[in-house]
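Shown next: model-v9.txt, given as compact mmCIF, C-alpha atoms.
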```txt
# COMPACT_ATOMS: atom_id res chain seq x y z
CA MET H 1 -47.25 -66.68 -116.81
CA ASN H 2 -50.38 -67.36 -114.81
CA ARG H 3 -53.21 -66.18 -117.07
CA VAL H 4 -56.57 -66.70 -115.42
CA LYS H 5 -59.60 -67.09 -117.64
CA VAL H 6 -63.00 -65.90 -116.44
CA ALA H 7 -65.86 -67.27 -118.50
CA GLY H 8 -68.73 -65.09 -119.70
CA LYS H 9 -71.51 -65.22 -122.26
CA ASN H 10 -70.31 -62.03 -123.91
CA ASN H 11 -67.25 -63.40 -125.69
CA LYS H 12 -67.21 -61.67 -129.07
CA HIS H 13 -64.10 -59.69 -128.07
CA ARG H 14 -60.83 -60.97 -126.68
CA VAL H 15 -60.17 -59.14 -123.42
CA LEU H 16 -56.93 -59.26 -121.42
CA ILE H 17 -56.34 -57.33 -118.20
CA TYR H 18 -52.88 -56.72 -116.78
CA ALA H 19 -53.69 -56.12 -113.12
CA ILE H 20 -52.19 -55.95 -109.63
CA SER H 21 -53.64 -58.30 -107.02
CA THR H 22 -53.84 -55.57 -104.35
CA CYS H 23 -55.20 -52.79 -106.58
CA ALA H 24 -58.77 -51.62 -105.96
CA TRP H 25 -59.11 -50.12 -109.49
CA CYS H 26 -58.04 -53.47 -110.97
CA LYS H 27 -60.63 -55.28 -108.89
CA MET H 28 -63.27 -52.78 -110.01
CA THR H 29 -62.33 -53.47 -113.64
CA LYS H 30 -62.61 -57.24 -113.16
CA ASN H 31 -65.96 -56.83 -111.36
CA PHE H 32 -67.30 -54.55 -114.09
CA LEU H 33 -66.56 -57.14 -116.77
CA ARG H 34 -67.97 -59.95 -114.63
CA ASP H 35 -71.16 -57.96 -113.97
CA ASN H 36 -71.56 -57.47 -117.72
CA ASP H 37 -70.94 -61.17 -118.31
CA VAL H 38 -67.87 -60.42 -120.44
CA GLU H 39 -65.37 -63.23 -120.90
CA TYR H 40 -61.82 -62.11 -120.08
CA GLU H 41 -58.38 -63.22 -119.05
CA TYR H 42 -56.17 -61.51 -116.49
CA VAL H 43 -52.63 -61.62 -115.16
CA ASP H 44 -51.75 -60.27 -111.72
CA VAL H 45 -48.43 -58.63 -112.51
CA ASP H 46 -47.21 -58.35 -108.90
CA LEU H 47 -47.47 -62.14 -108.57
CA ALA H 48 -45.62 -62.83 -111.85
CA ASN H 49 -41.89 -63.59 -111.90
CA ASP H 50 -39.40 -60.97 -113.14
CA GLU H 51 -39.09 -62.42 -116.61
CA ASP H 52 -42.86 -62.34 -117.10
CA HIS H 53 -43.03 -58.88 -115.58
CA GLU H 54 -40.56 -57.67 -118.21
CA LYS H 55 -42.60 -59.29 -120.98
CA ILE H 56 -45.76 -57.60 -119.71
CA ARG H 57 -44.10 -54.19 -119.54
CA GLU H 58 -42.74 -54.63 -123.07
CA ASP H 59 -46.10 -55.82 -124.34
CA ILE H 60 -47.88 -52.75 -122.96
CA VAL H 61 -45.26 -50.28 -124.18
CA ASN H 62 -45.07 -51.91 -127.64
CA ARG H 63 -48.82 -51.41 -127.99
CA GLY H 64 -48.44 -47.73 -127.16
CA GLY H 65 -49.64 -47.96 -123.56
CA GLU H 66 -47.97 -47.09 -120.27
CA PRO H 67 -46.92 -49.67 -117.68
CA SER H 68 -49.67 -48.61 -115.31
CA TYR H 69 -52.38 -50.93 -113.98
CA PRO H 70 -55.02 -51.94 -114.80
CA THR H 71 -54.24 -52.03 -118.51
CA VAL H 72 -57.06 -53.52 -120.57
CA ILE H 73 -56.20 -54.87 -124.03
CA ILE H 74 -59.12 -55.59 -126.31
CA ASP H 75 -58.71 -57.75 -129.43
CA SER H 76 -54.92 -57.29 -129.18
CA LYS H 77 -55.19 -53.72 -130.45
CA THR H 78 -57.19 -51.36 -128.21
CA VAL H 79 -55.20 -50.43 -125.09
CA ILE H 80 -57.03 -48.75 -122.20
CA THR H 81 -54.98 -47.48 -119.26
CA GLY H 82 -56.87 -47.37 -115.96
CA PHE H 83 -60.47 -48.25 -115.22
CA ARG H 84 -62.08 -46.06 -117.90
CA LYS H 85 -65.59 -47.41 -117.87
CA ASP H 86 -66.77 -45.40 -120.89
CA LYS H 87 -63.85 -46.47 -123.05
CA ILE H 88 -64.27 -50.12 -122.05
CA LYS H 89 -68.01 -49.98 -122.79
CA GLU H 90 -67.40 -48.39 -126.16
CA ALA H 91 -64.72 -50.91 -127.16
CA LEU H 92 -66.86 -53.84 -126.05
CA GLU H 93 -70.10 -52.38 -127.46
CA LEU H 94 -71.85 -52.69 -124.08
CA MET N 1 -48.72 -58.20 -86.45
CA ILE N 2 -50.29 -55.44 -88.49
CA THR N 3 -54.09 -55.42 -88.61
CA ILE N 4 -56.54 -53.76 -90.98
CA GLU N 5 -57.54 -51.50 -88.09
CA ASN N 6 -53.92 -50.34 -87.66
CA VAL N 7 -53.74 -49.52 -91.36
CA ARG N 8 -57.10 -47.73 -91.27
CA GLN N 9 -56.20 -45.66 -88.20
CA ARG N 10 -52.85 -44.67 -89.70
CA ALA N 11 -54.54 -43.51 -92.92
CA GLN N 12 -57.26 -41.65 -91.00
CA ALA N 13 -54.70 -39.87 -88.83
CA ASP N 14 -52.68 -38.88 -91.87
CA ALA N 15 -55.77 -37.64 -93.72
CA ARG N 16 -56.71 -35.49 -90.71
CA THR N 17 -53.21 -34.02 -90.48
CA TYR N 18 -53.18 -32.98 -94.13
CA GLY N 19 -56.85 -31.98 -94.45
CA TYR N 20 -57.69 -34.88 -96.78
CA TYR N 21 -60.51 -37.43 -96.71
CA LEU N 22 -60.40 -41.20 -97.23
CA ASN N 23 -62.31 -42.77 -100.12
CA PRO N 24 -66.04 -42.67 -99.25
CA ASP N 25 -66.75 -46.01 -100.99
CA SER N 26 -66.39 -48.38 -98.04
CA GLU N 27 -65.75 -51.47 -100.18
CA PHE N 28 -63.14 -49.72 -102.34
CA LEU N 29 -61.50 -48.33 -99.18
CA GLN N 30 -61.44 -51.76 -97.59
CA ASP N 31 -59.71 -53.18 -100.71
CA LEU N 32 -57.04 -50.47 -100.55
CA LEU N 33 -56.43 -51.00 -96.83
CA GLU N 34 -56.12 -54.76 -97.36
CA GLY N 35 -53.69 -54.10 -100.22
CA LEU N 36 -51.56 -51.91 -97.96
CA LYS N 37 -51.60 -54.60 -95.27
CA LYS N 38 -50.59 -57.25 -97.79
CA ASN N 39 -47.70 -55.13 -99.04
CA GLU N 40 -46.50 -54.43 -95.52
CA GLU N 41 -46.51 -58.19 -94.89
CA ARG N 42 -44.70 -59.14 -98.10
CA TYR N 43 -42.24 -56.22 -98.43
CA GLY N 44 -41.97 -54.93 -94.88
CA TYR N 45 -43.46 -51.52 -95.78
CA PRO N 46 -46.88 -50.39 -97.02
CA SER N 47 -46.10 -49.60 -100.66
CA CYS N 48 -48.91 -48.33 -102.90
CA PRO N 49 -51.43 -51.12 -103.55
CA CYS N 50 -51.89 -49.91 -107.14
CA ARG N 51 -48.21 -49.99 -108.16
CA VAL N 52 -45.74 -52.82 -108.60
CA ALA N 53 -43.04 -52.64 -105.91
CA SER N 54 -39.50 -53.98 -106.39
CA GLY N 55 -39.16 -55.15 -102.81
CA GLU N 56 -36.05 -52.94 -102.42
CA PHE N 57 -36.81 -50.28 -99.82
CA GLU N 58 -34.67 -47.50 -101.32
CA LEU N 59 -36.15 -48.03 -104.79
CA ASP N 60 -39.72 -48.19 -103.52
CA ARG N 61 -39.38 -45.36 -101.01
CA ASP N 62 -41.25 -42.88 -103.23
CA ILE N 63 -44.28 -45.20 -103.49
CA ILE N 64 -44.59 -46.03 -99.79
CA CYS N 65 -47.99 -44.75 -98.67
CA PRO N 66 -48.47 -41.82 -98.36
CA CYS N 67 -46.43 -41.67 -101.56
CA ASP N 68 -44.35 -38.73 -102.80
CA TYR N 69 -46.95 -38.05 -105.47
CA ARG N 70 -50.00 -37.78 -103.22
CA ASP N 71 -49.87 -34.07 -102.47
CA PRO N 72 -49.38 -32.82 -106.04
CA ASP N 73 -51.95 -35.38 -107.29
CA VAL N 74 -54.61 -34.35 -104.77
CA ALA N 75 -53.90 -30.70 -105.57
CA GLU N 76 -54.20 -31.25 -109.35
CA TYR N 77 -56.76 -34.06 -109.70
CA GLY N 78 -58.50 -34.11 -106.30
CA THR N 79 -57.31 -37.64 -105.51
CA CYS N 80 -54.09 -39.62 -105.17
CA TYR N 81 -53.15 -42.32 -107.71
CA CYS N 82 -54.86 -45.22 -105.90
CA ALA N 83 -57.71 -42.96 -104.67
CA LEU N 84 -57.13 -43.63 -100.96
CA TYR N 85 -56.79 -39.91 -100.18
CA MET N 86 -58.93 -37.19 -101.65
CA ARG N 87 -60.13 -33.63 -101.48
CA LYS N 88 -63.37 -32.69 -99.75
CA ASP N 89 -65.32 -31.96 -102.96
CA LEU N 90 -64.67 -35.47 -104.31
CA TYR N 91 -65.37 -37.04 -100.91
CA GLU N 92 -68.72 -35.26 -100.83
CA GLY N 93 -69.59 -36.40 -104.34
CA LYS N 94 -69.49 -32.89 -105.84
CA ALA N 95 -66.91 -34.06 -108.38
CA PRO N 96 -66.42 -37.58 -109.78
CA ILE N 97 -63.62 -39.87 -108.56
CA LEU N 98 -61.80 -40.96 -111.72
CA PRO N 99 -58.50 -42.73 -112.41
CA ILE N 100 -55.62 -40.29 -112.75
CA PRO N 101 -52.37 -40.50 -114.75
CA GLU N 102 -49.20 -41.92 -113.19
CA ARG N 103 -46.93 -39.12 -111.98
CA ARG N 104 -44.09 -41.42 -110.91
CA PRO N 105 -41.26 -40.91 -113.42
CA ALA N 106 -40.81 -43.86 -115.81
CA GLU N 107 -37.08 -44.04 -114.99
CA LYS N 108 -37.88 -44.81 -111.34
CA GLN N 109 -40.10 -47.68 -112.39
CA THR N 110 -37.50 -48.95 -114.84
CA ARG N 111 -34.68 -48.65 -112.32
CA ALA N 112 -36.64 -50.57 -109.70
CA TYR N 113 -37.43 -53.20 -112.28
CA ALA N 114 -33.82 -53.45 -113.53
CA VAL N 115 -32.48 -54.10 -110.03
CA THR N 116 -34.95 -56.84 -109.22
CA SER N 117 -34.29 -58.61 -112.54
CA GLN N 118 -30.51 -58.29 -112.00
CA VAL N 119 -30.88 -59.85 -108.57
CA ALA N 120 -33.04 -62.60 -110.04
CA SER N 121 -30.59 -63.41 -112.86
CA GLN N 122 -27.68 -63.57 -110.42
CA ALA N 123 -29.68 -65.91 -108.26
CA VAL N 124 -30.07 -68.17 -111.31
CA THR N 125 -26.40 -68.05 -112.35
CA GLY N 126 -25.21 -68.59 -108.79
CA GLU N 127 -23.14 -65.39 -108.63
CA ALA N 128 -22.88 -63.56 -105.34
CA PRO N 129 -26.15 -61.74 -104.63
CA VAL N 130 -26.02 -57.96 -104.53
CA MET N 131 -29.52 -57.52 -103.17
CA LYS N 132 -28.63 -55.38 -100.18
CA THR N 133 -26.16 -53.09 -101.95
CA ALA N 134 -27.84 -52.69 -105.35
CA GLY N 135 -30.71 -50.58 -104.07
CA PRO N 136 -28.93 -47.93 -102.02
CA ALA N 137 -26.09 -47.70 -104.59
CA ALA N 138 -28.59 -46.83 -107.31
CA VAL N 139 -30.07 -44.05 -105.18
CA ARG N 140 -27.98 -40.96 -104.54
CA LYS N 141 -29.36 -39.03 -101.60
CA LYS N 142 -28.69 -35.36 -100.94
CA LEU N 143 -29.63 -32.77 -98.37
CA TRP N 144 -32.44 -30.47 -99.52
CA TYR N 145 -33.26 -27.20 -97.81
CA CYS N 146 -36.58 -25.33 -97.90
CA ARG N 147 -35.71 -21.66 -98.39
CA GLN N 148 -39.08 -20.65 -96.97
CA CYS N 149 -39.07 -22.37 -93.56
CA GLY N 150 -35.62 -23.94 -93.20
CA TYR N 151 -36.79 -27.57 -93.23
CA VAL N 152 -33.98 -29.93 -94.28
CA VAL N 153 -34.48 -33.41 -95.68
CA PHE N 154 -32.01 -36.12 -96.79
CA ARG N 155 -33.38 -37.91 -99.83
CA GLU N 156 -32.97 -38.38 -103.56
CA ASP N 157 -35.27 -35.60 -104.75
CA PRO N 158 -36.80 -32.64 -102.95
CA PRO N 159 -40.44 -33.14 -101.88
CA TYR N 160 -43.16 -31.83 -104.21
CA VAL N 161 -44.55 -29.86 -101.26
CA CYS N 162 -42.72 -28.89 -98.06
CA PRO N 163 -44.38 -30.93 -95.26
CA ILE N 164 -43.81 -28.08 -92.81
CA CYS N 165 -44.76 -24.86 -94.60
CA LYS N 166 -46.40 -26.25 -97.80
CA ALA N 167 -43.95 -24.38 -100.05
CA LYS N 168 -43.67 -25.80 -103.57
CA ARG N 169 -40.77 -27.95 -104.76
CA GLU N 170 -39.12 -24.95 -106.47
CA MET N 171 -38.47 -23.49 -103.01
CA PHE N 172 -36.01 -26.33 -102.23
CA VAL N 173 -32.30 -26.03 -102.98
CA GLU N 174 -29.53 -28.56 -102.48
CA LEU N 175 -27.64 -27.93 -99.26
CA GLU N 176 -23.92 -28.29 -99.70
CA ILE N 177 -21.84 -28.88 -96.62
CA THR N 178 -18.22 -27.78 -96.68
CA PRO N 179 -16.07 -29.67 -94.17
CA VAL N 180 -14.32 -27.32 -91.75
CA GLY N 181 -10.50 -27.43 -91.67
```
Starting from the file, lay out its structure as C-alpha cells.
Amino acid sequence: MNRVKVAGKNNKHRVLIYAISTCAWCKMTKNFLRDNDVEYEYVDVDLANDEDHEKIREDIVNRGGEPSYPTVIIDSKTVITGFRKDKIKEALEL
Amino acid sequence: MITIENVRQRAQADARTYGYYLNPDSEFLQDLLEGLKKNEERYGYPSCPCRVASGEFELDRDIICPCDYRDPDVAEYGTCYCALYMRKDLYEGKAPILPIPERRPAEKQTRAYAVTSQVASQAVTGEAPVMKTAGPAAVRKKLWYCRQCGYVVFREDPPYVCPICKAKREMFVELEITPVG
C-alpha cells in the first residue's frame, strides 16, 4: 500500500487520511493539515490495488466509520468522515 | 480528447437545465472538473471524483456525473455529494457549503467492489476473465413508469426524481409487459 508521509512540525498526533486522488474535499483536508503544519500520512484509495482497497474498507468499518472519503483517523482511534474542520481541529488541539 | 473546457461546459449546461449553480470556489471547482476529466480518461465515463469507481460501467452507472443522488441531495442538503452542483442560497454564500452524508446504498458500493476483486483474483489464478459479463449480470434492469407524466426508463431502480415532471420516486411503478399471443 502506497502510504505517503507529509512532514510537519506538529507531530504529537498520528494522523492518517484515506483519500481519493481526484476528490476536492480530500485535497482540502490535506491542504488544511499542511497549512497547520500537521504531520500526516495518506493513502489514495483509488490508486490502491483491490486487495489494499479491501483492507482499507475493512479498517474504516472496523473502527466504526463508513467507507466514504476522506476518512481521517487520528491516533488510531478517532475516525472523522468527510472534511469536518471543527472535528479535526478539536481532535488535533489546533 | 476531452478537455477541461468540455467538462466545464457540460456541467454548466446541466446546472442551467436543472436550475442549479456550480461551486463558487473557483479552485475547488477546478479540482472537481479535473477529477471528472481524469475519470473519463481512465474509466471511459465521468464518474464522481469523490467516490471510488469499479471501472465496470453498469456498476458505476449510478455515480456517473450527474449522479443518481444529486437531485435528492441538493433538495435536502443544498449540495450534491462532491459539491459540484448546488442550490442558489449556498452559491450566494447565504448558507455554508459543508460535506454531506453518502446516500449511495452500501450494497451498491460492496457489489461494485466484489466484482472488481473477483476479476482481479481470476486474473491472478489464470481462469477465464468474466469482466464483461460480471457487471451486467449483477444488475437487473427493469422498465419504470412515471404515473404522473408517463415517462418510462429502463434501469435498475426508479429515479429519485422524474427528470421530466419532477415527480418523486414514489410516483414510479414497474412496468410489466405481457407478450401478445
Separation of atom CA of N:Asp31 from atom CA of N:Lys94 in Å: 23.1 Å
Distance-based interface of chain N with chain H, 12 Å, counting only C-alpha atoms, as a ChimeraX atom specification: /N:23,25-40,42-43,46-55,81-84,97-107,109-110,112-121,123-124
Residue with smallest distance to N:Gln12 - pool N:Lys168, N:Tyr85, N:Arg155, N:Thr178, counting all atoms listed in the file: N:Tyr85
Sel. within 12 Å of pt (-51.7, -68.3, -115.7), counting only C-alpha atoms, output as number ranges by chain: H: 1-6, 16, 18, 41-45, 47-49, 52
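Using only C-alpha atoms, the residues found no farther than 8 Å from stretch 32-37 of chain H, other than those of its own chain fewer than 4 positions away, are Val6, Ala7, Gly8, Lys9, Asn10, Met28 and Leu94 of chain H.
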Residues from last step as file, C-alpha atoms, as an mmCIF file, in the frame of the given file:
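Ended up saving to again-v9.cif:
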```
data_model
loop_
_atom_site.group_PDB
_atom_site.id
_atom_site.type_symbol
_atom_site.label_atom_id
_atom_site.label_comp_id
_atom_site.auth_asym_id
_atom_site.auth_seq_id
_atom_site.Cartn_x
_atom_site.Cartn_y
_atom_site.Cartn_z
ATOM 1 C CA VAL H 6 -63.000 -65.900 -116.440
ATOM 2 C CA ALA H 7 -65.860 -67.270 -118.500
ATOM 3 C CA GLY H 8 -68.730 -65.090 -119.700
ATOM 4 C CA LYS H 9 -71.510 -65.220 -122.260
ATOM 5 C CA ASN H 10 -70.310 -62.030 -123.910
ATOM 6 C CA MET H 28 -63.270 -52.780 -110.010
ATOM 7 C CA LEU H 94 -71.850 -52.690 -124.080
#
```
Point-to-point distance in Å for atom CA of N:Arg111 and atom CA of N:Phe154: 20.1 Å
Gap from atom CA of N:Cys67 to atom CA of N:Glu41 - Å, one decimal: 17.8 Å
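By chain and then residue number, the residues within 7 Å of N:Gln148 are Cys146, Gly150, Ala167 and Met171 of chain N, counting only C-alpha atoms and disregarding those fewer than 2 positions away in sequence.
Ranking N:Val173, N:Thr79, N:Tyr69, N:Asn6 by their shortest atom-to-atom distance to N:Val152, with only C-alpha atoms included, puts N:Val173 first.
Nearest residue to N:Tyr160 among N:Ile64, N:Ala11, N:Leu143, N:Ala75 is N:Ala75, counting all atoms listed in the file.
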H:Ser76 environment, 10 Å, all atoms listed in the file, sequence neighbours closer than 3 positions dropped, as number ranges by chain: H: 13-16, 63, 72-73, 79
